[in-house]
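Participant: My structure is stored as final.cif, with mmCIF, C-alpha atoms.
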data_final
loop_
_atom_site.label_atom_id
_atom_site.label_comp_id
_atom_site.auth_asym_id
_atom_site.auth_seq_id
_atom_site.Cartn_x
_atom_site.Cartn_y
_atom_site.Cartn_z
CA MET A 1 12.72 -25.28 -18.13
CA GLU A 2 10.97 -27.51 -20.72
CA LYS A 3 13.67 -30.16 -20.31
CA ILE A 4 13.22 -30.19 -16.54
CA GLU A 5 9.45 -30.47 -16.94
CA ALA A 6 10.00 -33.41 -19.29
CA ILE A 7 12.18 -35.11 -16.65
CA LEU A 8 9.42 -34.63 -14.06
CA GLN A 9 6.80 -36.02 -16.46
CA ASP A 10 9.01 -39.03 -17.14
CA LEU A 11 9.51 -39.61 -13.40
CA ILE A 12 5.76 -39.57 -12.76
CA LYS A 13 5.24 -41.95 -15.67
CA LYS A 14 7.79 -44.40 -14.27
CA VAL A 15 6.52 -44.13 -10.69
CA PRO A 16 2.74 -43.55 -10.80
CA GLN A 17 2.60 -43.24 -7.00
CA ILE A 18 4.23 -39.83 -7.48
CA ARG A 19 1.20 -37.58 -7.88
CA ALA A 20 2.95 -34.21 -8.07
CA ALA A 21 6.51 -33.01 -8.56
CA ALA A 22 8.26 -29.65 -8.51
CA VAL A 23 11.78 -28.27 -8.68
CA ALA A 24 12.29 -25.19 -6.54
CA ASN A 25 15.22 -23.10 -5.42
CA MET A 26 16.03 -22.53 -1.76
CA GLU A 27 14.17 -19.21 -1.90
CA GLY A 28 11.02 -21.27 -2.50
CA ILE A 29 10.58 -20.21 -6.11
CA VAL A 30 9.38 -23.05 -8.37
CA MET A 31 11.21 -23.30 -11.69
CA ALA A 32 9.39 -26.35 -13.09
CA SER A 33 6.45 -28.43 -11.91
CA GLU A 34 3.94 -31.14 -12.69
CA LEU A 35 1.30 -30.62 -10.04
CA GLY A 36 -1.82 -31.88 -11.73
CA GLY A 37 -3.89 -28.90 -10.65
CA GLU A 38 -4.52 -30.02 -7.08
CA ILE A 39 -1.57 -28.24 -5.42
CA ASN A 40 -0.82 -24.51 -5.40
CA GLU A 41 2.60 -24.15 -7.02
CA GLU A 42 3.75 -21.07 -5.13
CA ASN A 43 2.73 -22.36 -1.72
CA PHE A 44 4.26 -25.78 -2.45
CA GLY A 45 7.60 -24.15 -3.31
CA ALA A 46 7.63 -21.87 -0.27
CA ILE A 47 6.78 -24.63 2.21
CA SER A 48 9.20 -27.13 0.65
CA ALA A 49 12.12 -24.70 0.78
CA ALA A 50 11.25 -23.79 4.37
CA LEU A 51 11.25 -27.46 5.42
CA VAL A 52 14.60 -28.13 3.76
CA GLY A 53 16.03 -24.97 5.38
CA LEU A 54 14.77 -26.12 8.75
CA GLY A 55 16.22 -29.59 8.12
CA ASP A 56 19.60 -28.01 7.39
CA THR A 57 19.48 -26.20 10.72
CA VAL A 58 18.46 -29.32 12.66
CA LEU A 59 21.26 -31.37 11.09
CA SER A 60 23.75 -28.61 11.76
CA GLU A 61 22.78 -28.65 15.46
CA LEU A 62 23.02 -32.47 15.54
CA LYS A 63 26.32 -32.43 13.62
CA GLY A 64 24.51 -34.71 11.17
CA GLY A 65 26.24 -33.69 7.96
CA SER A 66 24.58 -32.24 4.88
CA LEU A 67 20.88 -32.83 4.26
CA SER A 68 19.90 -35.24 1.49
CA GLU A 69 16.18 -35.96 2.04
CA VAL A 70 13.21 -34.85 4.15
CA TYR A 71 10.08 -37.01 4.59
CA VAL A 72 6.71 -35.85 5.89
CA LYS A 73 4.18 -38.68 6.08
CA GLY A 74 0.42 -38.33 6.46
CA LYS A 75 -2.40 -40.88 6.20
CA GLU A 76 -3.08 -40.16 2.52
CA ARG A 77 0.12 -38.68 1.14
CA MET A 78 3.80 -38.42 1.80
CA LEU A 79 6.01 -35.48 0.94
CA LEU A 80 9.55 -36.28 -0.12
CA LEU A 81 11.99 -33.40 -0.47
CA TYR A 82 15.18 -34.43 -2.23
CA ARG A 83 18.17 -32.12 -2.24
CA ILE A 84 19.38 -31.73 -5.84
CA SER A 85 22.19 -29.32 -4.97
CA LYS A 86 23.02 -26.61 -2.42
CA ASP A 87 20.50 -24.26 -4.06
CA TYR A 88 17.79 -26.55 -5.47
CA LEU A 89 15.37 -29.22 -4.27
CA LEU A 90 12.97 -31.72 -5.79
CA ALA A 91 9.59 -31.87 -4.02
CA LEU A 92 7.35 -34.89 -4.53
CA SER A 93 3.84 -35.68 -3.31
CA ILE A 94 3.52 -39.48 -3.16
CA THR A 95 0.75 -41.91 -2.21
CA THR A 96 1.62 -43.82 0.94
CA ASP A 97 1.56 -47.25 -0.75
CA ALA A 98 4.75 -46.48 -2.73
CA SER A 99 7.81 -48.67 -2.29
CA LEU A 100 10.45 -46.24 -1.10
CA GLY A 101 13.47 -48.26 -2.26
CA LEU A 102 12.39 -48.43 -5.89
CA LEU A 103 11.11 -44.88 -5.81
CA LEU A 104 14.42 -43.53 -4.55
CA VAL A 105 16.34 -45.20 -7.39
CA GLU A 106 14.23 -43.30 -9.93
CA VAL A 107 14.30 -40.07 -7.89
CA ARG A 108 18.11 -40.12 -7.73
CA LYS A 109 18.35 -40.65 -11.50
CA ALA A 110 15.93 -37.79 -12.14
CA ALA A 111 17.73 -35.51 -9.66
CA ARG A 112 21.06 -36.09 -11.43
CA LEU A 113 19.51 -35.16 -14.79
CA ILE A 114 17.81 -32.08 -13.32
CA LYS A 115 21.08 -30.93 -11.73
CA LYS A 116 22.82 -31.16 -15.09
CA ASN A 117 20.05 -29.14 -16.75
CA ILE A 118 20.10 -26.46 -14.04
CA GLU A 119 23.86 -26.05 -14.48
CA GLU A 120 23.38 -25.56 -18.23
CA LEU A 121 20.56 -23.06 -17.61
CA GLU A 122 22.70 -21.08 -15.15
CA GLN A 123 25.54 -20.87 -17.63
CA ALA A 124 23.16 -19.57 -20.28
CA ALA A 125 21.44 -17.11 -17.91
CA SER A 126 24.33 -14.67 -17.64
CA ALA A 127 24.24 -14.19 -21.41
CA SER A 128 20.49 -13.58 -21.53
CA ASP A 129 20.09 -10.69 -19.03
CA SER A 130 19.46 -8.31 -21.90
CA ASP A 131 16.36 -10.34 -22.74
CA VAL A 132 14.69 -8.69 -19.76
CA GLN A 133 14.70 -5.40 -21.63
CA GLU A 134 13.13 -7.11 -24.57
CA LEU A 135 10.47 -8.58 -22.29
CA PHE A 136 9.69 -5.17 -20.83
CA GLY A 137 9.37 -3.89 -24.37
CA GLY A 138 11.94 -1.16 -23.64
CA ASP A 139 9.16 0.83 -21.95
CA THR A 140 9.92 1.64 -18.33
CA SER A 141 7.39 4.46 -17.96
CA PHE A 142 4.91 2.07 -16.31
CA LEU A 143 7.13 2.17 -13.21
CA GLU A 144 5.91 5.70 -12.42
CA GLY A 145 2.28 4.67 -12.18
CA LEU A 146 2.85 1.23 -10.69
CA SER A 147 0.57 0.81 -7.64
CA PHE A 148 -1.19 -2.09 -6.01
CA THR A 149 -3.97 0.27 -4.93
CA ASP A 150 -5.20 0.01 -8.55
CA LEU A 151 -5.62 -3.73 -8.08
CA LEU A 152 -7.88 -3.82 -5.05
CA ASP A 153 -11.00 -5.93 -4.82
CA GLU A 154 -14.17 -3.92 -5.35
CA GLU A 155 -16.14 -3.73 -2.10
CA MET B 1 15.11 -13.66 -8.41
CA LEU B 2 14.14 -16.12 -11.09
CA ILE B 3 13.38 -15.19 -14.69
CA ASP B 4 11.28 -17.62 -16.69
CA HIS B 5 11.49 -16.43 -20.30
CA ARG B 6 9.15 -19.09 -21.60
CA LYS B 7 6.30 -18.24 -19.25
CA LYS B 8 7.22 -14.52 -19.36
CA GLU B 9 7.48 -14.40 -15.58
CA ILE B 10 9.87 -12.86 -13.08
CA HIS B 11 9.79 -14.15 -9.50
CA VAL B 12 10.98 -11.81 -6.76
CA LYS B 13 11.31 -12.38 -2.99
CA ILE B 14 10.44 -9.63 -0.50
CA VAL B 15 10.76 -10.08 3.27
CA TYR B 16 8.90 -8.08 5.94
CA TYR B 17 11.36 -7.91 8.86
CA GLY B 18 11.06 -6.30 12.27
CA PRO B 19 10.67 -6.83 16.01
CA ALA B 20 7.97 -8.98 17.61
CA LEU B 21 4.41 -7.66 17.30
CA SER B 22 5.44 -4.72 15.11
CA GLY B 23 2.70 -5.58 12.57
CA LYS B 24 4.44 -7.60 9.84
CA THR B 25 1.70 -10.23 9.63
CA THR B 26 -0.96 -7.50 9.91
CA ASN B 27 0.50 -5.92 6.74
CA LEU B 28 0.28 -9.19 4.81
CA LYS B 29 -3.21 -10.00 6.10
CA TYR B 30 -4.46 -6.58 4.99
CA ILE B 31 -2.92 -7.00 1.53
CA TYR B 32 -4.53 -10.44 1.26
CA ARG B 33 -7.94 -9.12 2.32
CA LYS B 34 -8.00 -6.09 0.06
CA LEU B 35 -6.22 -7.19 -3.10
CA ASN B 36 -8.32 -8.54 -5.96
CA PRO B 37 -7.84 -12.36 -5.87
CA GLN B 38 -6.80 -12.13 -9.53
CA PHE B 39 -3.56 -10.49 -8.38
CA ARG B 40 -2.76 -12.59 -5.32
CA GLY B 41 -2.49 -16.23 -4.29
CA GLU B 42 -3.46 -17.90 -1.04
CA MET B 43 -1.75 -16.86 2.18
CA VAL B 44 0.23 -19.51 4.04
CA THR B 45 0.81 -19.02 7.76
CA VAL B 46 2.98 -21.12 10.03
CA ASP B 47 2.04 -19.83 13.46
CA THR B 48 1.51 -20.88 17.07
CA LYS B 49 -1.88 -21.40 18.72
CA GLY B 50 -1.72 -17.81 19.91
CA GLU B 51 -1.40 -16.68 16.26
CA ARG B 52 2.17 -15.50 16.77
CA THR B 53 4.27 -16.19 13.69
CA MET B 54 6.45 -19.24 14.37
CA TYR B 55 8.25 -19.63 11.09
CA PHE B 56 6.85 -17.33 8.41
CA ASP B 57 3.80 -16.04 6.59
CA PHE B 58 3.79 -16.20 2.82
CA LEU B 59 1.68 -14.39 0.26
CA PRO B 60 2.31 -14.26 -3.50
CA VAL B 61 1.11 -11.11 -5.32
CA GLU B 62 1.68 -10.08 -8.92
CA VAL B 63 1.61 -7.23 -11.42
CA LYS B 64 1.62 -7.25 -15.20
CA THR B 65 3.92 -5.03 -17.24
CA PRO B 66 2.64 -3.33 -20.42
CA SER B 67 4.49 -5.92 -22.49
CA GLY B 68 2.43 -8.65 -20.83
CA PHE B 69 5.23 -9.82 -18.54
CA ARG B 70 4.07 -11.07 -15.13
CA VAL B 71 6.14 -10.09 -12.11
CA LYS B 72 5.34 -12.30 -9.13
CA PHE B 73 6.31 -10.96 -5.72
CA HIS B 74 6.70 -13.60 -3.03
CA LEU B 75 6.02 -11.74 0.23
CA TYR B 76 7.31 -13.31 3.45
CA THR B 77 7.28 -12.25 7.08
CA VAL B 78 9.68 -13.46 9.76
CA PRO B 79 8.92 -14.29 13.40
CA GLY B 80 10.02 -11.32 15.49
CA GLN B 81 10.49 -13.02 18.84
CA GLU B 82 14.06 -13.21 20.10
CA PHE B 83 14.32 -17.03 20.14
CA TYR B 84 13.32 -17.41 16.47
CA ARG B 85 16.55 -15.88 15.20
CA VAL B 86 17.42 -19.00 13.18
CA SER B 87 14.04 -18.91 11.41
CA ARG B 88 14.51 -15.23 10.56
CA LYS B 89 17.89 -16.01 9.06
CA LEU B 90 16.49 -18.83 6.90
CA VAL B 91 13.64 -16.72 5.55
CA LEU B 92 15.86 -13.70 4.83
CA LYS B 93 18.26 -15.71 2.66
CA GLY B 94 18.09 -14.89 -1.03
CA THR B 95 15.71 -11.96 -0.67
CA ASP B 96 15.55 -9.24 -3.34
CA GLY B 97 13.85 -6.65 -1.14
CA VAL B 98 13.21 -5.84 2.51
CA VAL B 99 10.43 -3.96 4.30
CA PHE B 100 11.54 -3.17 7.84
CA VAL B 101 8.40 -2.80 9.97
CA ALA B 102 9.33 -0.75 13.04
CA ASP B 103 7.12 -0.39 16.12
CA SER B 104 6.63 3.32 16.85
CA ALA B 105 5.93 2.73 20.58
CA VAL B 106 8.38 4.51 22.88
CA ASP B 107 9.12 1.32 24.83
CA ARG B 108 10.04 -0.59 21.62
CA ARG B 109 12.94 1.68 20.70
CA GLU B 110 15.67 -0.76 21.79
CA ALA B 111 13.89 -3.73 20.15
CA ASN B 112 13.74 -1.90 16.79
CA ILE B 113 17.43 -1.02 16.86
CA LYS B 114 18.50 -4.48 17.98
CA ILE B 115 16.64 -6.34 15.25
CA MET B 116 17.66 -3.83 12.55
CA ASN B 117 21.32 -4.45 13.49
CA GLU B 118 20.72 -8.20 13.40
CA MET B 119 19.19 -7.95 9.91
CA VAL B 120 22.03 -5.82 8.55
CA GLU B 121 24.62 -8.24 9.94
CA THR B 122 22.79 -11.31 8.57
CA LEU B 123 22.60 -9.76 5.09
CA LYS B 124 26.33 -9.00 5.22
CA GLU B 125 26.94 -12.62 6.14
CA PHE B 126 24.93 -13.68 3.06
CA LYS B 127 27.08 -11.32 0.93
CA THR B 128 23.96 -9.37 -0.06
CA PRO B 129 24.44 -6.15 1.96
CA ILE B 130 21.34 -4.06 2.54
CA GLU B 131 22.67 -1.35 0.20
CA THR B 132 22.34 -3.76 -2.74
CA LEU B 133 18.69 -4.64 -2.06
CA ALA B 134 15.37 -2.85 -2.50
CA PHE B 135 14.72 -1.49 0.99
CA VAL B 136 12.02 0.62 2.67
CA ILE B 137 11.09 1.26 6.30
CA GLN B 138 7.57 1.38 7.71
CA TYR B 139 6.95 3.18 11.00
CA ASN B 140 3.87 1.34 12.17
CA LYS B 141 1.39 1.92 15.02
CA ARG B 142 1.36 5.71 14.60
CA ASP B 143 -2.00 5.73 16.43
CA LEU B 144 -0.56 4.66 19.79
CA PRO B 145 -0.78 7.25 22.59
CA SER B 146 2.96 7.26 23.24
CA VAL B 147 5.04 7.08 20.06
CA LEU B 148 8.58 8.05 19.12
CA ASP B 149 8.68 11.05 16.80
CA ILE B 150 9.75 10.50 13.20
CA PRO B 151 13.15 12.30 13.49
CA THR B 152 14.07 10.00 16.40
CA LEU B 153 13.01 6.89 14.49
CA GLN B 154 14.86 8.08 11.40
CA SER B 155 18.02 8.75 13.41
CA ASP B 156 17.77 5.33 15.12
CA LEU B 157 16.97 3.21 12.08
CA ASN B 158 17.29 4.88 8.70
CA HIS B 159 21.06 5.15 8.22
CA TRP B 160 20.71 4.73 4.44
CA ASP B 161 18.15 7.45 3.83
CA VAL B 162 15.79 4.95 2.21
CA PRO B 163 12.09 5.79 1.69
CA TYR B 164 9.98 5.48 4.82
CA PHE B 165 6.24 5.27 5.37
CA GLU B 166 4.09 6.04 8.41
CA ALA B 167 1.41 3.42 8.98
CA ILE B 168 -1.45 2.10 11.05
CA ALA B 169 -1.41 -1.37 9.50
CA LYS B 170 -4.43 -2.71 11.41
CA GLU B 171 -6.51 -0.03 9.62
CA GLY B 172 -4.63 -0.44 6.36
CA LYS B 173 -3.09 3.02 6.50
CA GLY B 174 0.28 3.04 4.77
CA VAL B 175 0.19 -0.68 3.95
CA PHE B 176 -0.10 -0.40 0.15
CA GLN B 177 2.12 2.70 0.02
CA THR B 178 4.85 0.62 1.69
CA LEU B 179 4.32 -2.30 -0.69
CA ASP B 180 4.37 0.05 -3.70
CA GLY B 181 7.57 1.63 -2.38
CA VAL B 182 9.52 -1.61 -2.20
CA VAL B 183 8.03 -3.00 -5.42
CA LYS B 184 9.04 0.11 -7.40
CA GLN B 185 12.60 -0.23 -6.12
CA VAL B 186 12.76 -3.91 -7.08
CA MET B 187 11.38 -3.18 -10.55
CA THR B 188 13.79 -0.29 -11.06
CA LYS B 189 16.67 -2.62 -10.17
CA ILE B 190 15.44 -5.22 -12.67
CA VAL B 191 15.15 -2.60 -15.42
CA LYS B 192 18.59 -1.15 -14.62
CA LYS B 193 20.07 -4.62 -14.72
CA ALA B 194 18.48 -5.13 -18.13
CA GLN B 195 19.84 -1.81 -19.42
CA VAL B 196 23.36 -2.69 -18.26
CA GLY B 197 23.00 -6.19 -19.71
#
Can you dump the structure from the file as structure tokens?
Facilitator:
Amino acid sequence: MEKIEAILQDLIKKVPQIRAAAVANMEGIVMASELGGEINEENFGAISAALVGLGDTVLSELKGGSLSEVYVKGKERMLLLYRISKDYLLALSITTDASLGLLLVEVRKAARLIKKNIEELEQAASASDSDVQELFGGDTSFLEGLSFTDLLDEE
Amino acid sequence: MLIDHRKKEIHVKIVYYGPALSGKTTNLKYIYRKLNPQFRGEMVTVDTKGERTMYFDFLPVEVKTPSGFRVKFHLYTVPGQEFYRVSRKLVLKGTDGVVFVADSAVDRREANIKIMNEMVETLKEFKTPIETLAFVIQYNKRDLPSVLDIPTLQSDLNHWDVPYFEAIAKEGKGVFQTLDGVVKQVMTKIVKKAQVG
């Protein structure tokens, strides 16, 4: 994940009009991000994946081929969703004065690098399942008492 | 599911599925209202002017394991209305757990069965059959004057003998029990996977 974060940092450095960037899977789960504190990571991932999923459906109805990009433009910001692969997307919040042509050149380069990194991570993941046990500390007794009712806000 | 070893986080997706107006959004809104903000994020709703879910509702909640590992549950609802089938399919994709929210009203019997069948078929299509996922059923609106009895609902909907919960979601009854039920199943699956691995 560090490598992907470094790619995002580099992209923002090269194109300062990009104010926030995240890589999410199509389930809306963010795996790496540079959001600068002004965007909620989880919500950004969920909405971005939903928009790309909706775009897929629209293009399928229109017989428009596979989706490559989605743009949502507002007065202050633009959202660019770039399809990295079937399962992953790159979400970018950009100021509206950005030159799209130049921006896309850098975005494509970054997306290629991210795709390569994700493939490497996925290959490594199958070998590291046992790490989950290590992360749980081998103690599964907490499952018995696990309840959200212990986490309620005090009235 | 996504495991981030560096941040010590596991991300899990859970979808609340069921017929129109069965109380899926009501479940999420209650969780949002009652849960300590420390353990939940902000709720995102994509709805119509009449507050009917158009695409989905989204609410992230989390627990911490004794080893300090954070498990983040991404809770989604789907729109229950017939013509939003495509949206339901999109939201259901890649889920790790399902809460089926059934409407206990006598006149919603057919609607419950129809949408349960649709969900089971969609999951088969995704090659993640319901038997492989964490799965619980909530029989909501138990306070209505004319409700189906539990044996009838069980015979109609619970062909897998999964845990079920009676609820009155608008009052919060059964909401957290249902959430706990599906979360425990997801966690057990993660632990089992780790033990096999």
Participant: Could you list, as number ranges by chain, the residues of chain B having an atom within 9 Å of chain A when counting all atoms listed in the file?
Facilitator: B: 1-6, 8, 11-13, 31, 33-39, 41-44, 55-56, 58-60, 62-63, 65-69, 74, 86-87, 90-95, 176-177, 179-181, 183-184, 187-188, 190-191, 193-197
Participant: What residues come out when you apply the PyMOL selection byres ((chain A and resi 34) around 12) to this file, written as an MDAnalysis selection string?
Facilitator: chainID A and resid 1:2 4:13 18:24 30:33 35:41 44 90:93
Participant: Would you kindly identify which residues have an atom no farther than 12 Å from (1.9, -46.5, -2.8), using only C-alpha atoms and the file's own coordinates, and write them out as a CSV table (one decimal) with C-alpha atoms, keeping the file's coordinate frame?
Facilitator:
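This went into out-v4.csv:
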chain,number,residue,atom,x,y,z
A,15,VAL,CA,6.5,-44.1,-10.7
A,16,PRO,CA,2.7,-43.6,-10.8
A,17,GLN,CA,2.6,-43.2,-7.0
A,18,ILE,CA,4.2,-39.8,-7.5
A,19,ARG,CA,1.2,-37.6,-7.9
A,75,LYS,CA,-2.4,-40.9,6.2
A,76,GLU,CA,-3.1,-40.2,2.5
A,77,ARG,CA,0.1,-38.7,1.1
A,78,MET,CA,3.8,-38.4,1.8
A,93,SER,CA,3.8,-35.7,-3.3
A,94,ILE,CA,3.5,-39.5,-3.2
A,95,THR,CA,0.8,-41.9,-2.2
A,96,THR,CA,1.6,-43.8,0.9
A,97,ASP,CA,1.6,-47.2,-0.8
A,98,ALA,CA,4.8,-46.5,-2.7
A,99,SER,CA,7.8,-48.7,-2.3
A,100,LEU,CA,10.4,-46.2,-1.1
A,101,GLY,CA,13.5,-48.3,-2.3
A,102,LEU,CA,12.4,-48.4,-5.9
A,103,LEU,CA,11.1,-44.9,-5.8
Participant: Using all atoms listed in the file, collect all residues at a distance of at most 12 Å from (-0.6, 2.9, 20.9) as written in the file, then present them as a list in words.
Facilitator: Ser22, Asp103, Ser104, Ala105, Val106, Asp107, Arg108, Asn140, Lys141, Arg142, Asp143, Leu144, Pro145, Ser146, Val147, Leu148, Ile168 and Lys170 of chain B
Participant: Of the residues B:Leu28, B:Ala20, B:Ile10, B:Ala169, which is the one nearest to Ile115 of chain B, using all atoms listed in the file?
Facilitator: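 Under the stated criterion, the closest residue is B:Ala20.
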Participant: Within 7 Å of Asn112 of chain B, counting all atoms listed in the file, which residues qualify if same-chain residues fewer than 6 places away don't, as an MDAnalysis selection string?
Facilitator: chainID B and resid 18:19 102:103
Participant: Measure the distance from atom CA of Val99 of chain B to atom CA of Gly55 of chain A in Å and round it to one decimal.
Facilitator: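 Atom-to-atom, atom CA of Val99 of chain B and atom CA of Gly55 of chain A are spaced 26.6 Å apart.
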Participant: What separation in Å, quoted to one decimal, exists between atom CA of Trp160 of chain B and atom CA of Lys24 of chain B?
Facilitator: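 Atom CA of Lys24 of chain B lies at a distance of 21.1 Å from atom CA of Trp160 of chain B.
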Participant: Of the candidates B:Pro79, B:Gly172, B:Gly97, B:Pro151, which shows the shortest atom-to-atom distance to Phe135 of chain B, using all atoms listed in the file?
Facilitator: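 Answer, going by the shortest atom-to-atom distance: B:Gly97.
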Participant: Assuming 6 Å of padding per side, give the centre and edge lengths of the axis-aligned box around every listed atom of segment 141-147 of chain B, in Å to one decimal and as AutoDock Vina command-line options.
Facilitator:
--center_x 1.5 --center_y 4.6 --center_z 18.9 --size_x 19.0 --size_y 17.3 --size_z 20.6
Participant: Distance atom CA of Met116 of chain B-atom CA of Leu157 of chain B, one decimal place?
Facilitator: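 That distance, rounded to one decimal, is 7.1 Å.
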Participant: Written as a list in words, which residues does the PyMOL selection byres ((chain B and resi 130) around 10) give for the file shown?
Facilitator: Asp96, Gly97, Val98, Met119, Val120, Glu121, Thr122, Leu123, Lys124, Lys127, Thr128, Pro129, Glu131, Thr132, Leu133, Ala134, Phe135 and Trp160 of chain B
Participant: Which residue, B:Asp47, B:Asp57, B:Glu125, B:Asp156, has the smallest gap to Tyr32 of chain B when you use all atoms listed in the file?
Facilitator: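 Of B:Asp47, B:Asp57, B:Glu125, B:Asp156, the one nearest Tyr32 of chain B is B:Asp57, counting all atoms listed in the file.
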